[in-house]
>>> print(open('upload-v8.tsv').read())   # TSV, C-alpha atoms and all ligand atoms
chain	number	residue	atom	x	y	z
A	1	MET	CA	68.95	-186.83	18.17
A	2	LEU	CA	65.18	-186.81	18.69
A	3	THR	CA	63.08	-186.22	15.61
A	4	PRO	CA	60.26	-183.73	16.13
A	5	ALA	CA	57.72	-186.56	15.94
A	6	ALA	CA	59.43	-188.37	18.83
A	7	VAL	CA	59.18	-185.40	21.18
A	8	ASP	CA	56.07	-185.17	23.34
A	9	VAL	CA	56.03	-181.38	23.08
A	10	ARG	CA	53.06	-180.73	25.34
A	11	SER	CA	54.42	-182.76	28.24
A	12	ARG	CA	57.52	-180.52	28.31
A	13	HIS	CA	55.71	-177.21	28.35
A	14	TRP	CA	55.63	-176.01	31.98
A	15	LEU	CA	52.75	-173.55	32.15
A	16	PRO	CA	52.78	-170.36	34.27
A	17	PHE	CA	50.43	-170.13	37.26
A	18	THR	CA	49.22	-173.66	36.45
A	19	GLN	CA	49.21	-176.81	38.58
A	20	MET	CA	50.76	-179.24	36.12
A	21	GLY	CA	49.63	-182.19	38.25
A	22	ALA	CA	45.98	-181.33	37.69
A	23	SER	CA	44.29	-183.52	35.16
A	24	ASP	CA	42.99	-180.59	33.10
A	25	ALA	CA	46.30	-178.66	32.93
A	26	ARG	CA	46.81	-179.53	29.27
A	27	SER	CA	43.22	-179.87	28.19
A	28	ARG	CA	43.35	-176.52	26.38
A	29	THR	CA	45.65	-176.47	23.39
A	30	PHE	CA	44.88	-173.51	21.20
A	31	VAL	CA	45.75	-174.12	17.59
A	32	ARG	CA	44.14	-171.16	15.81
A	33	GLY	CA	42.81	-167.71	16.49
A	34	ARG	CA	40.73	-165.38	14.37
A	35	GLY	CA	39.04	-162.23	15.63
A	36	THR	CA	37.54	-162.83	19.06
A	37	THR	CA	37.64	-166.62	18.64
A	38	LEU	CA	40.20	-169.19	19.72
A	39	VAL	CA	40.03	-172.75	18.41
A	40	ASP	CA	41.39	-175.62	20.46
A	41	ALA	CA	42.92	-178.89	19.26
A	42	GLY	CA	39.55	-180.59	19.52
A	43	GLY	CA	38.09	-178.06	17.08
A	44	HIS	CA	36.08	-176.40	19.88
A	45	GLU	CA	35.63	-172.65	19.28
A	46	VAL	CA	35.58	-170.27	22.22
A	47	PHE	CA	35.03	-166.52	22.62
A	48	ASP	CA	38.24	-165.14	24.17
A	49	ALA	CA	36.48	-163.28	26.99
A	50	ILE	CA	39.77	-162.38	28.70
A	51	SER	CA	41.60	-161.23	25.57
A	52	SER	CA	44.27	-163.83	26.41
A	53	VAL	CA	44.90	-162.11	29.74
A	54	TRP	CA	44.28	-158.55	28.60
A	55	THR	CA	46.57	-158.56	25.58
A	56	THR	CA	44.35	-158.93	22.48
A	57	ILE	CA	43.00	-155.61	21.25
A	58	HIS	CA	41.71	-155.92	17.68
A	59	GLY	CA	41.23	-159.69	17.68
A	60	HIS	CA	43.55	-162.61	17.02
A	61	SER	CA	45.66	-162.74	13.86
A	62	HIS	CA	44.28	-159.45	12.57
A	63	PRO	CA	45.22	-159.38	8.85
A	64	ARG	CA	46.86	-155.93	9.07
A	65	ILE	CA	49.03	-156.95	12.00
A	66	VAL	CA	49.88	-160.29	10.39
A	67	GLU	CA	50.84	-158.49	7.20
A	68	ALA	CA	52.99	-155.93	9.07
A	69	ILE	CA	54.80	-158.72	10.93
A	70	ALA	CA	55.46	-160.69	7.74
A	71	ARG	CA	56.66	-157.62	5.83
A	72	GLN	CA	59.01	-156.51	8.60
A	73	ALA	CA	60.34	-160.05	9.18
A	74	GLY	CA	61.44	-160.10	5.55
A	75	VAL	CA	63.29	-156.78	5.83
A	76	LEU	CA	64.95	-156.76	9.24
A	77	ASP	CA	64.09	-159.34	11.92
A	78	HIS	CA	66.14	-157.90	14.73
A	79	ALA	CA	69.02	-155.58	15.46
A	80	THR	CA	70.22	-154.56	18.90
A	81	ALA	CA	69.04	-151.29	20.43
A	82	LEU	CA	72.30	-150.93	22.38
A	83	GLY	CA	73.70	-147.83	20.71
A	84	ALA	CA	71.56	-148.34	17.58
A	85	THR	CA	68.01	-147.94	16.39
A	86	ASN	CA	65.76	-149.08	13.54
A	87	PRO	CA	62.92	-147.39	11.61
A	88	PRO	CA	59.90	-149.19	13.20
A	89	ALA	CA	61.25	-148.54	16.72
A	90	ASP	CA	61.91	-144.88	15.88
A	91	GLU	CA	58.46	-144.41	14.42
A	92	LEU	CA	56.75	-146.21	17.29
A	93	ALA	CA	58.64	-144.13	19.87
A	94	ALA	CA	57.54	-140.94	18.08
A	95	ARG	CA	53.92	-142.05	17.85
A	96	LEU	CA	53.71	-143.17	21.49
A	97	CYS	CA	55.18	-139.84	22.58
A	98	ALA	CA	52.67	-137.97	20.41
A	99	LEU	CA	49.81	-140.03	21.90
A	100	THR	CA	50.82	-139.49	25.51
A	101	GLY	CA	52.51	-136.10	25.42
A	102	LEU	CA	55.64	-137.62	26.99
A	103	ASP	CA	59.05	-137.17	25.41
A	104	ALA	CA	61.00	-140.42	25.10
A	105	ALA	CA	60.24	-144.14	24.80
A	106	PHE	CA	62.52	-146.80	26.27
A	107	PHE	CA	61.61	-150.28	25.00
A	108	ALA	CA	61.63	-153.56	26.92
A	109	SER	CA	59.91	-156.93	26.43
A	110	ASP	CA	57.12	-157.98	28.82
A	111	GLY	CA	55.17	-155.80	31.21
A	112	ALA	CA	57.31	-156.75	34.19
A	113	SER	CA	60.51	-155.77	32.37
A	114	ALA	CA	59.01	-152.31	31.74
A	115	ILE	CA	58.28	-152.02	35.47
A	116	GLU	CA	61.86	-153.05	36.34
A	117	ALA	CA	63.16	-150.45	33.89
A	118	ALA	CA	60.89	-147.74	35.33
A	119	LEU	CA	61.96	-148.47	38.92
A	120	LYS	CA	65.63	-148.34	37.97
A	121	MET	CA	65.08	-145.22	35.87
A	122	ALA	CA	63.53	-143.52	38.91
A	123	LEU	CA	66.45	-144.49	41.17
A	124	GLN	CA	69.11	-143.39	38.69
A	125	TYR	CA	67.19	-140.19	37.97
A	126	TRP	CA	67.35	-139.13	41.62
A	127	GLN	CA	71.05	-140.03	41.83
A	128	LEU	CA	71.73	-137.87	38.78
A	129	CYS	CA	69.75	-135.05	40.40
A	130	GLY	CA	71.92	-135.28	43.53
A	131	GLU	CA	69.07	-136.71	45.64
A	132	SER	CA	70.46	-140.20	46.29
A	133	LYS	CA	68.38	-140.53	49.45
A	134	ARG	CA	65.24	-140.96	47.35
A	135	VAL	CA	65.27	-144.78	47.27
A	136	THR	CA	61.83	-145.76	48.56
A	137	PHE	CA	58.91	-146.83	46.40
A	138	VAL	CA	55.25	-146.41	47.24
A	139	HIS	CA	52.40	-148.51	45.85
A	140	LEU	CA	48.64	-148.85	46.22
A	141	ARG	CA	46.76	-151.40	48.31
A	142	ASP	CA	46.19	-154.62	46.28
A	143	SER	CA	48.66	-153.54	43.61
A	144	TYR	CA	50.13	-155.95	41.07
A	145	HIS	CA	52.96	-154.98	38.73
A	146	GLY	CA	54.42	-158.30	37.58
A	147	ASP	CA	56.45	-161.28	38.71
A	148	THR	CA	60.08	-160.15	38.55
A	149	ALA	CA	61.87	-159.06	41.74
A	150	GLY	CA	61.35	-155.30	41.52
A	151	ALA	CA	57.80	-155.66	40.24
A	152	MET	CA	56.96	-158.08	43.08
A	153	SER	CA	58.43	-155.63	45.58
A	154	VAL	CA	55.91	-152.96	44.60
A	155	SER	CA	53.08	-155.47	44.43
A	156	ASP	CA	50.76	-155.96	47.37
A	157	ILE	CA	49.01	-159.26	46.65
A	158	THR	CA	50.49	-161.68	49.18
A	159	ALA	CA	49.81	-164.83	47.15
A	160	PHE	CA	52.14	-163.68	44.39
A	161	ARG	CA	55.07	-162.56	46.53
A	162	ALA	CA	54.97	-164.35	49.90
A	163	ARG	CA	57.32	-167.17	48.83
A	164	PHE	CA	59.90	-164.81	47.40
A	165	THR	CA	60.66	-162.35	50.17
A	166	ALA	CA	64.35	-163.28	49.87
A	167	LEU	CA	64.28	-161.52	46.50
A	168	THR	CA	62.20	-158.45	47.22
A	169	PHE	CA	62.83	-155.08	48.85
A	170	GLU	CA	60.65	-153.17	51.29
A	171	ALA	CA	58.15	-150.76	49.72
A	172	LEU	CA	55.40	-148.69	51.32
A	173	CYS	CA	51.67	-149.09	50.85
A	174	TYR	CA	50.24	-145.62	50.73
A	175	ASP	CA	46.67	-146.56	51.64
A	176	ASP	CA	48.07	-147.38	55.09
A	177	VAL	CA	50.22	-144.30	55.56
A	178	ARG	CA	49.24	-141.29	53.51
A	179	GLU	CA	52.12	-139.27	54.98
A	180	VAL	CA	54.50	-141.37	52.87
A	181	LEU	CA	53.78	-139.05	49.97
A	182	GLY	CA	55.48	-136.20	51.81
A	183	ARG	CA	58.57	-138.15	52.87
A	184	ALA	CA	61.91	-136.97	51.51
A	185	ASP	CA	63.14	-140.50	50.75
A	186	VAL	CA	60.41	-141.46	48.27
A	187	ALA	CA	61.70	-142.05	44.74
A	188	ALA	CA	58.38	-142.81	43.06
A	189	ILE	CA	54.76	-143.76	43.48
A	190	VAL	CA	53.82	-146.60	41.16
A	191	PHE	CA	50.14	-147.13	40.48
A	192	GLU	CA	47.60	-148.84	38.25
A	193	PRO	CA	45.21	-146.16	36.99
A	194	ARG	CA	41.50	-146.77	37.76
A	195	VAL	CA	41.50	-150.60	37.62
A	196	GLN	CA	43.63	-153.15	39.44
A	197	ALA	CA	43.16	-156.04	37.05
A	198	ALA	CA	45.05	-158.79	38.89
A	199	ALA	CA	43.22	-157.92	42.12
A	200	GLY	CA	40.03	-159.04	40.35
A	201	MET	CA	39.19	-155.87	38.41
A	202	ARG	CA	39.24	-153.84	41.64
A	203	LEU	CA	38.25	-150.23	41.02
A	204	VAL	CA	40.33	-147.59	42.80
A	205	ALA	CA	38.56	-144.47	44.11
A	206	PRO	CA	39.54	-141.40	42.04
A	207	GLN	CA	40.31	-139.59	45.31
A	208	ARG	CA	43.38	-141.82	45.80
A	209	TYR	CA	44.90	-140.33	42.69
A	210	ALA	CA	44.01	-136.76	43.63
A	211	GLU	CA	46.14	-137.16	46.75
A	212	MET	CA	49.01	-138.44	44.61
A	213	ARG	CA	48.73	-135.52	42.26
A	214	ALA	CA	49.15	-133.21	45.20
A	215	ALA	CA	52.37	-134.96	46.26
A	216	ARG	CA	55.37	-132.77	45.54
A	217	GLY	CA	58.65	-134.53	44.85
A	218	PRO	CA	58.26	-138.24	44.07
A	219	LEU	CA	58.00	-139.33	40.44
A	220	LEU	CA	54.62	-140.71	39.38
A	221	ILE	CA	54.84	-144.04	37.51
A	222	ALA	CA	51.60	-145.00	35.76
A	223	ASP	CA	51.38	-148.72	35.08
A	224	GLU	CA	49.15	-148.86	31.99
A	225	ILE	CA	50.19	-152.41	31.14
A	226	ALA	CA	46.68	-153.79	31.67
A	227	THR	CA	44.61	-150.62	31.24
A	228	GLY	CA	46.36	-149.04	28.24
A	229	PHE	CA	45.25	-149.03	24.62
A	230	GLY	CA	41.56	-148.36	25.01
A	231	ARG	CA	40.61	-150.88	27.70
A	232	THR	CA	38.92	-148.38	30.00
A	233	GLY	CA	37.43	-146.23	27.25
A	234	ALA	CA	40.29	-143.76	26.76
A	235	MET	CA	43.56	-144.60	25.06
A	236	PHE	CA	45.16	-144.50	28.52
A	237	ALA	CA	43.35	-144.64	31.85
A	238	TYR	CA	45.53	-141.96	33.48
A	239	GLU	CA	44.04	-139.43	31.04
A	240	GLN	CA	40.63	-140.09	32.62
A	241	LEU	CA	42.11	-139.19	36.02
A	242	GLY	CA	43.67	-135.94	34.86
A	243	LEU	CA	47.12	-137.15	35.91
A	244	ALA	CA	50.42	-136.14	34.33
A	245	PRO	CA	52.77	-139.05	35.15
A	246	ASP	CA	56.55	-138.73	34.85
A	247	LEU	CA	56.86	-142.32	33.58
A	248	VAL	CA	54.26	-144.48	31.84
A	249	CYS	CA	54.70	-148.26	31.51
A	250	LEU	CA	53.04	-149.89	28.50
A	251	GLY	CA	52.84	-153.58	27.61
A	252	LYS	CA	50.29	-156.27	26.76
A	253	GLY	CA	48.07	-154.52	24.16
A	254	ILE	CA	50.89	-152.35	22.79
A	255	SER	CA	51.47	-154.78	19.88
A	256	GLY	CA	47.74	-155.40	19.51
A	257	GLY	CA	48.42	-158.53	21.54
A	258	ALA	CA	50.49	-160.28	18.88
A	259	LEU	CA	54.07	-160.10	20.17
A	260	ALA	CA	55.96	-159.43	23.39
A	261	LEU	CA	56.79	-155.74	23.62
A	262	SER	CA	56.75	-153.15	26.37
A	263	ALA	CA	57.89	-149.59	26.86
A	264	VAL	CA	58.57	-146.94	29.47
A	265	LEU	CA	57.70	-143.45	28.35
A	266	ALA	CA	59.46	-140.61	30.13
A	267	THR	CA	59.01	-136.85	30.38
A	268	ARG	CA	61.71	-134.50	29.17
A	269	ARG	CA	62.59	-133.69	32.77
A	270	VAL	CA	63.51	-137.34	33.42
A	271	TYR	CA	65.12	-137.94	30.02
A	272	ASP	CA	67.27	-134.81	30.18
A	273	ALA	CA	68.73	-135.81	33.53
A	274	PHE	CA	70.45	-138.74	31.80
A	275	LEU	CA	72.18	-136.59	29.15
A	276	GLY	CA	75.90	-135.85	29.30
A	277	THR	CA	79.22	-136.63	27.69
A	278	PRO	CA	80.28	-140.30	27.21
A	279	GLU	CA	82.69	-139.85	30.14
A	280	SER	CA	79.96	-138.57	32.47
A	281	ASN	CA	78.54	-142.11	32.90
A	282	ARG	CA	75.03	-140.74	33.10
A	283	GLN	CA	73.49	-143.10	30.50
A	284	PHE	CA	70.63	-145.30	31.71
A	285	LEU	CA	72.25	-148.51	32.95
A	286	HIS	CA	69.65	-150.98	31.80
A	287	GLY	CA	68.78	-152.95	28.66
A	288	HIS	CA	67.17	-156.07	27.21
A	289	SER	CA	68.30	-158.11	24.20
A	290	TYR	CA	65.08	-157.69	22.24
A	291	ALA	CA	64.42	-154.05	23.16
A	292	GLY	CA	62.93	-152.21	20.20
A	293	ASN	CA	62.56	-155.40	18.16
A	294	PRO	CA	61.55	-154.20	14.67
A	295	ILE	CA	58.94	-156.93	14.10
A	296	ALA	CA	57.19	-156.25	17.40
A	297	CYS	CA	57.35	-152.49	16.75
A	298	ALA	CA	55.88	-153.01	13.25
A	299	ALA	CA	53.00	-154.95	14.84
A	300	ALA	CA	52.48	-152.08	17.30
A	301	LEU	CA	52.43	-149.51	14.50
A	302	ALA	CA	49.82	-151.57	12.63
A	303	SER	CA	47.78	-151.79	15.83
A	304	LEU	CA	47.84	-148.00	16.23
A	305	ASP	CA	46.71	-147.65	12.60
A	306	ILE	CA	43.77	-149.97	13.27
A	307	PHE	CA	42.65	-147.75	16.16
A	308	THR	CA	42.08	-145.07	13.49
A	309	SER	CA	40.86	-147.18	10.57
A	310	GLU	CA	38.37	-149.18	12.63
A	311	GLY	CA	37.33	-146.36	14.99
A	312	THR	CA	38.24	-148.61	17.95
A	313	LEU	CA	37.67	-146.09	20.75
A	314	ALA	CA	34.23	-145.12	19.36
A	315	HIS	CA	33.36	-148.84	19.25
A	316	VAL	CA	34.46	-149.23	22.88
A	317	ALA	CA	32.19	-146.31	23.82
A	318	ARG	CA	29.26	-148.15	22.20
A	319	LEU	CA	30.15	-151.38	24.01
A	320	ASP	CA	30.31	-149.44	27.27
A	321	ALA	CA	26.58	-148.71	27.04
A	322	VAL	CA	25.88	-152.30	25.98
A	323	LEU	CA	27.75	-153.67	28.99
A	324	ASP	CA	25.82	-151.41	31.35
A	325	GLU	CA	22.58	-152.81	30.04
A	326	LEU	CA	23.74	-156.43	30.04
A	327	LEU	CA	25.34	-156.44	33.47
A	328	THR	CA	22.49	-154.67	35.31
A	329	PRO	CA	20.21	-157.77	35.53
A	330	LEU	CA	23.21	-159.91	36.48
A	331	ARG	CA	23.73	-157.72	39.56
A	332	ARG	CA	20.38	-158.95	40.87
A	333	HIS	CA	21.27	-162.64	40.52
A	334	PRO	CA	21.25	-164.31	43.98
A	335	LEU	CA	24.73	-165.76	43.38
A	336	VAL	CA	26.30	-162.50	42.19
A	337	THR	CA	27.76	-160.53	45.06
A	338	ASP	CA	29.34	-157.65	43.12
A	339	VAL	CA	29.86	-156.42	39.58
A	340	ARG	CA	32.68	-153.96	38.90
A	341	ARG	CA	33.53	-152.44	35.58
A	342	ALA	CA	35.52	-149.73	33.85
A	343	GLY	CA	35.18	-149.80	30.07
A	344	LEU	CA	35.88	-153.32	28.85
A	345	MET	CA	37.30	-154.54	32.16
A	346	ALA	CA	34.63	-156.24	34.23
A	347	GLY	CA	34.82	-158.41	37.33
A	348	ILE	CA	31.76	-160.39	38.44
A	349	ASP	CA	32.03	-161.77	41.98
A	350	ILE	CA	30.06	-164.94	42.62
A	351	ALA	CA	29.11	-166.78	45.79
A	352	ALA	CA	30.19	-170.12	44.35
A	353	GLU	CA	33.39	-171.89	43.36
A	354	ALA	CA	34.55	-170.03	40.25
A	355	TRP	CA	36.58	-172.70	38.44
A	356	PRO	CA	33.66	-175.09	37.84
A	357	VAL	CA	31.71	-172.11	36.48
A	358	ALA	CA	34.62	-171.15	34.20
A	359	ASN	CA	34.95	-174.76	33.01
A	360	GLU	CA	31.25	-174.90	32.20
A	361	LEU	CA	31.57	-171.58	30.37
A	362	TYR	CA	34.39	-173.08	28.32
A	363	ALA	CA	32.21	-176.05	27.40
A	364	ARG	CA	29.64	-173.53	26.18
A	365	GLY	CA	32.16	-171.66	24.03
A	366	GLN	CA	33.19	-168.94	26.50
A	367	PHE	CA	36.82	-168.73	27.63
A	368	THR	CA	37.66	-166.93	30.87
A	369	ARG	CA	39.95	-167.50	33.84
A	370	PRO	CA	38.70	-166.69	37.34
A	371	ILE	CA	40.64	-164.71	39.91
A	372	GLY	CA	39.51	-166.15	43.24
A	373	ARG	CA	35.72	-165.91	43.04
A	374	THR	CA	35.78	-163.23	40.39
A	375	ILE	CA	34.69	-164.12	36.86
A	376	GLN	CA	36.51	-161.85	34.44
A	377	LEU	CA	34.94	-160.34	31.36
A	378	VAL	CA	37.68	-158.44	29.55
A	379	PRO	CA	36.86	-159.01	25.89
A	380	PRO	CA	38.82	-157.89	22.83
A	381	LEU	CA	37.98	-154.30	21.92
A	382	CYS	CA	36.54	-155.46	18.59
A	383	SER	CA	33.91	-157.70	20.24
A	384	THR	CA	30.33	-157.34	19.10
A	385	PRO	CA	27.38	-156.64	21.44
A	386	ALA	CA	26.02	-160.09	20.49
A	387	GLU	CA	29.24	-161.82	21.59
A	388	ILE	CA	29.20	-160.05	24.95
A	389	ALA	CA	25.50	-160.77	25.38
A	390	ALA	CA	26.16	-164.47	24.70
A	391	PHE	CA	28.84	-164.54	27.42
A	392	VAL	CA	26.56	-162.87	29.98
A	393	ALA	CA	23.62	-165.15	29.06
A	394	ALA	CA	25.77	-168.28	29.42
A	395	LEU	CA	27.07	-167.10	32.79
A	396	ALA	CA	23.56	-166.29	34.07
A	397	ASP	CA	22.28	-169.66	32.90
A	398	ILE	CA	25.13	-171.54	34.60
A	399	LEU	CA	24.58	-169.60	37.82
A	400	ASP	CA	20.85	-170.40	37.66
A	401	GLY	CA	21.83	-174.05	37.62
A	402	VAL	CA	24.07	-173.61	40.69
A	403	ALA	CA	21.56	-171.55	42.72
B	501	LIG	C1	49.07	-153.82	35.86
B	501	LIG	C2	50.07	-154.84	35.43
B	501	LIG	N1	51.38	-154.53	35.45
B	501	LIG	C3	52.32	-155.40	35.06
B	501	LIG	C4	51.98	-156.67	34.64
B	501	LIG	C5	53.05	-157.64	34.22
B	501	LIG	O1	53.02	-157.81	32.85
B	501	LIG	P1	53.69	-159.11	32.16
B	501	LIG	O2	52.82	-160.27	32.56
B	501	LIG	O3	53.63	-158.82	30.69
B	501	LIG	O4	55.07	-159.20	32.68
B	501	LIG	C6	50.64	-157.05	34.63
B	501	LIG	C7	50.25	-158.40	34.22
B	501	LIG	O5	49.15	-158.85	34.35
B	501	LIG	C8	49.66	-156.11	35.03
B	501	LIG	O6	48.35	-156.42	35.08
>>> encode(input="upload-v8.tsv", output="structure tokens")
Amino acid sequence: MLTPAAVDVRSRHWLPFTQMGASDARSRTFVRGRGTTLVDAGGHEVFDAISSVWTTIHGHSHPRIVEAIARQAGVLDHATALGATNPPADELAARLCALTGLDAAFFASDGASAIEAALKMALQYWQLCGESKRVTFVHLRDSYHGDTAGAMSVSDITAFRARFTALTFEALCYDDVREVLGRADVAAIVFEPRVQAAAGMRLVAPQRYAEMRAARGPLLIADEIATGFGRTGAMFAYEQLGLAPDLVCLGKGISGGALALSAVLATRRVYDAFLGTPESNRQFLHGHSYAGNPIACAAALASLDIFTSEGTLAHVARLDAVLDELLTPLRRHPLVTDVRRAGLMAGIDIAAEAWPVANELYARGQFTRPIGRTIQLVPPLCSTPAEIAAFVAALADILDGVA
């Protein structure tokens, strides 16, 4: 048997969306995190300007979340949610329902597993309502909902799905054919509210959502996996659009960014359709092993508490004004072709190769990951104005050197 010392751990870790043949694939090994800072194995400290891909809310290893995790791990690490519940999952479900005004929370693991659950919930809902012909899903232009089969099917970004058409089903893009909203076979419209993060922080015109609101029939599925938990200035971005979704998918920041957890919230109308006797076979036919994991739910409860104790949304409102001021001069830079932002989700398009710029940013203590030619600035919600200013100054300085 191999002793731990004999195993080259890093060489066995196959990284997602990463060319393992590239020489720099393993150059970033993060060993510690505290607040907005990550520390790599070389002792180099970087500002986590992408919140570890939109997950970190109150900063890394926040003491209250760490304490909640440790306490819960010592009481109950895990117990199945198949036919059973546990106190942290119960309390989290109640608090998420109170926050959103929806009526039931179904837990899953990652964002994509919440999307899969929501798609299946929509299909089964229509079957239970006697409308089995409602089997078609509608999505927005440039949508991204995750990397599992159902999530890819309602995603529009070719690069992510083109190789996997054998796994995906046909869905409709409603920017192309608005009439789809009136079709009798549509089960649900799935959408990212306000910002399409994976499309490079693309902002969606509010009018798109107004048309959806007017659609009678299909369920509305809000994918708040990237935008939820304060990112765009409100707790949830759909609130800013005046929408009342039937299903809301939450993930990423739900646990403050500490542990894998996701959820689908449902209205009473949807939830009630699944009720019946044990013999009626109406129960939702879906589940994941770690659904409602008590440790992850305890982390999420601590994260919600921090929103109150640290006045997180008020802080985001202050940063909103700071970002406006900081990004305005950047818009005039000859190498900046566009700057888009909603709350703490900003995309800065540059007329230069983005990876060398991101690598230089890293060398200067700023960690981001480009999407195409878009430099992302999606900092933890607890960031200070000075930290954001330092990121923008470093970017401007690097671009000056390229111009
Ligand atoms: C809007 C949106 N939905 C779903 C997902 C998938 O989430 P996960 O990566 O946790 O599966 C993502 C991931 O970036 C996302 O941005």
>>> closest_residue(input="upload-v8.tsv", among="A:Ala386, A:Leu99, A:Ala149, A:Val138", to="ligand LIG 501 (chain B)", atoms="all atoms listed in the file")
A:Ala149
>>> atom_distance(input="upload-v8.tsv", atom1="CA of Ala244 (chain A)", atom2="CA of Ala214 (chain A)")
11.3 Å
>>> atom_distance(input="upload-v8.tsv", atom1="CA of Leu128 (chain A)", atom2="atom C1 of ligand LIG 501 (chain B)")
27.9 Å
>>> closest_atom_pairs(input="upload-v8.tsv", of="chain A", to="ligand LIG 501 (chain B)", cutoff="9 Å", atoms="all atoms listed in the file", output="CSV")
residue,atom,partner,partner_atom,distance
A:Val53,CA,B:LIG501,O5,7.1
A:Trp54,CA,B:LIG501,O5,7.5
A:Thr55,CA,B:LIG501,O3,8.7
A:Ser109,CA,B:LIG501,O3,7.8
A:Asp110,CA,B:LIG501,O3,4.0
A:Gly111,CA,B:LIG501,O1,3.4
A:Ala112,CA,B:LIG501,O4,3.6
A:Ser113,CA,B:LIG501,O4,6.4
A:Ala114,CA,B:LIG501,O4,8.0
A:Ile115,CA,B:LIG501,C3,6.9
A:Ser143,CA,B:LIG501,C1,7.8
A:Tyr144,CA,B:LIG501,C1,5.7
A:His145,CA,B:LIG501,N1,3.7
A:Gly146,CA,B:LIG501,C5,3.7
A:Asp147,CA,B:LIG501,O4,6.5
A:Thr148,CA,B:LIG501,O4,7.8
A:Ala151,CA,B:LIG501,C3,7.5
A:Phe191,CA,B:LIG501,C1,8.2
A:Glu192,CA,B:LIG501,C1,5.7
A:Pro193,CA,B:LIG501,C1,8.7
A:Val195,CA,B:LIG501,C1,8.4
A:Gln196,CA,B:LIG501,C1,6.5
A:Ala197,CA,B:LIG501,O6,5.6
A:Ala198,CA,B:LIG501,O6,5.6
A:Ala199,CA,B:LIG501,O6,8.8
A:Asp223,CA,B:LIG501,C1,5.7
A:Glu224,CA,B:LIG501,C1,6.3
A:Ile225,CA,B:LIG501,C2,4.9
A:Ala226,CA,B:LIG501,O6,4.6
A:Thr227,CA,B:LIG501,C1,7.2
A:Cys249,CA,B:LIG501,N1,8.1
A:Leu250,CA,B:LIG501,N1,8.5
A:Gly251,CA,B:LIG501,O3,6.1
A:Lys252,CA,B:LIG501,O3,5.8
A:Ala260,CA,B:LIG501,O3,7.7
A:Leu261,CA,B:LIG501,O3,8.3
A:Ser262,CA,B:LIG501,O3,7.8
>>> residues_around(input="upload-v8.tsv", residues="Leu123 (chain A)", least_positions_apart="4", cutoff="10 Å", atoms="all atoms listed in the file", output="list of chain:residue names")
A:Ala117, A:Ala118, A:Leu119, A:Gln127, A:Leu128, A:Glu131, A:Ser132, A:Lys133, A:Arg134, A:Val135, A:Thr136, A:Phe137, A:Val186, A:Ala187, A:Ala188, A:Leu219
>>> closest_residue(input="upload-v8.tsv", among="A:Ala84, A:Leu220, A:Val264, A:Leu76", to="Leu181 (chain A)", atoms="only C-alpha atoms")
A:Leu220
>>> atom_distance(input="upload-v8.tsv", atom1="CA of Trp126 (chain A)", atom2="CA of Gln283 (chain A)")
13.3 Å
>>> residues_around(input="upload-v8.tsv", residues="region 44-47 of chain A", least_positions_apart="4", cutoff="12 Å", atoms="only C-alpha atoms", output="ChimeraX atom specification")
/A:27-40,51-52,59-60,359-368,377-380,382-384,386-392,394
>>> residues_around(input="upload-v8.tsv", residues="region 301-306 of chain A", least_positions_apart="5", cutoff="10 Å", atoms="only C-alpha atoms", output="count of residues only")
29
>>> build_atoms(input="upload-v8.tsv", residues="region 388-397 of chain A", atoms="N, CA and C atoms", output="mmCIF file, in the coordinates of the input")
data_model
loop_
_atom_site.group_PDB
_atom_site.id
_atom_site.type_symbol
_atom_site.label_atom_id
_atom_site.label_comp_id
_atom_site.auth_asym_id
_atom_site.auth_seq_id
_atom_site.Cartn_x
_atom_site.Cartn_y
_atom_site.Cartn_z
ATOM 1 N N ILE A 388 29.186 -160.338 23.500
ATOM 2 C CA ILE A 388 29.200 -160.050 24.950
ATOM 3 C C ILE A 388 27.895 -160.525 25.583
ATOM 4 N N ALA A 389 26.807 -160.316 24.873
ATOM 5 C CA ALA A 389 25.500 -160.770 25.380
ATOM 6 C C ALA A 389 25.501 -162.288 25.551
ATOM 7 N N ALA A 390 26.128 -163.006 24.621
ATOM 8 C CA ALA A 390 26.160 -164.470 24.700
ATOM 9 C C ALA A 390 26.955 -164.913 25.941
ATOM 10 N N PHE A 391 28.046 -164.202 26.231
ATOM 11 C CA PHE A 391 28.840 -164.540 27.420
ATOM 12 C C PHE A 391 27.995 -164.349 28.682
ATOM 13 N N VAL A 392 27.339 -163.193 28.768
ATOM 14 C CA VAL A 392 26.560 -162.870 29.980
ATOM 15 C C VAL A 392 25.398 -163.862 30.128
ATOM 16 N N ALA A 393 24.759 -164.205 29.004
ATOM 17 C CA ALA A 393 23.620 -165.150 29.060
ATOM 18 C C ALA A 393 24.103 -166.521 29.530
ATOM 19 N N ALA A 394 25.247 -166.964 29.014
ATOM 20 C CA ALA A 394 25.770 -168.280 29.420
ATOM 21 C C ALA A 394 26.107 -168.267 30.908
ATOM 22 N N LEU A 395 26.717 -167.183 31.372
ATOM 23 C CA LEU A 395 27.070 -167.100 32.790
ATOM 24 C C LEU A 395 25.806 -167.131 33.661
ATOM 25 N N ALA A 396 24.807 -166.333 33.285
ATOM 26 C CA ALA A 396 23.560 -166.290 34.070
ATOM 27 C C ALA A 396 22.914 -167.665 34.108
ATOM 28 N N ASP A 397 22.915 -168.339 32.982
ATOM 29 C CA ASP A 397 22.280 -169.660 32.900
ATOM 30 C C ASP A 397 23.017 -170.676 33.788
#
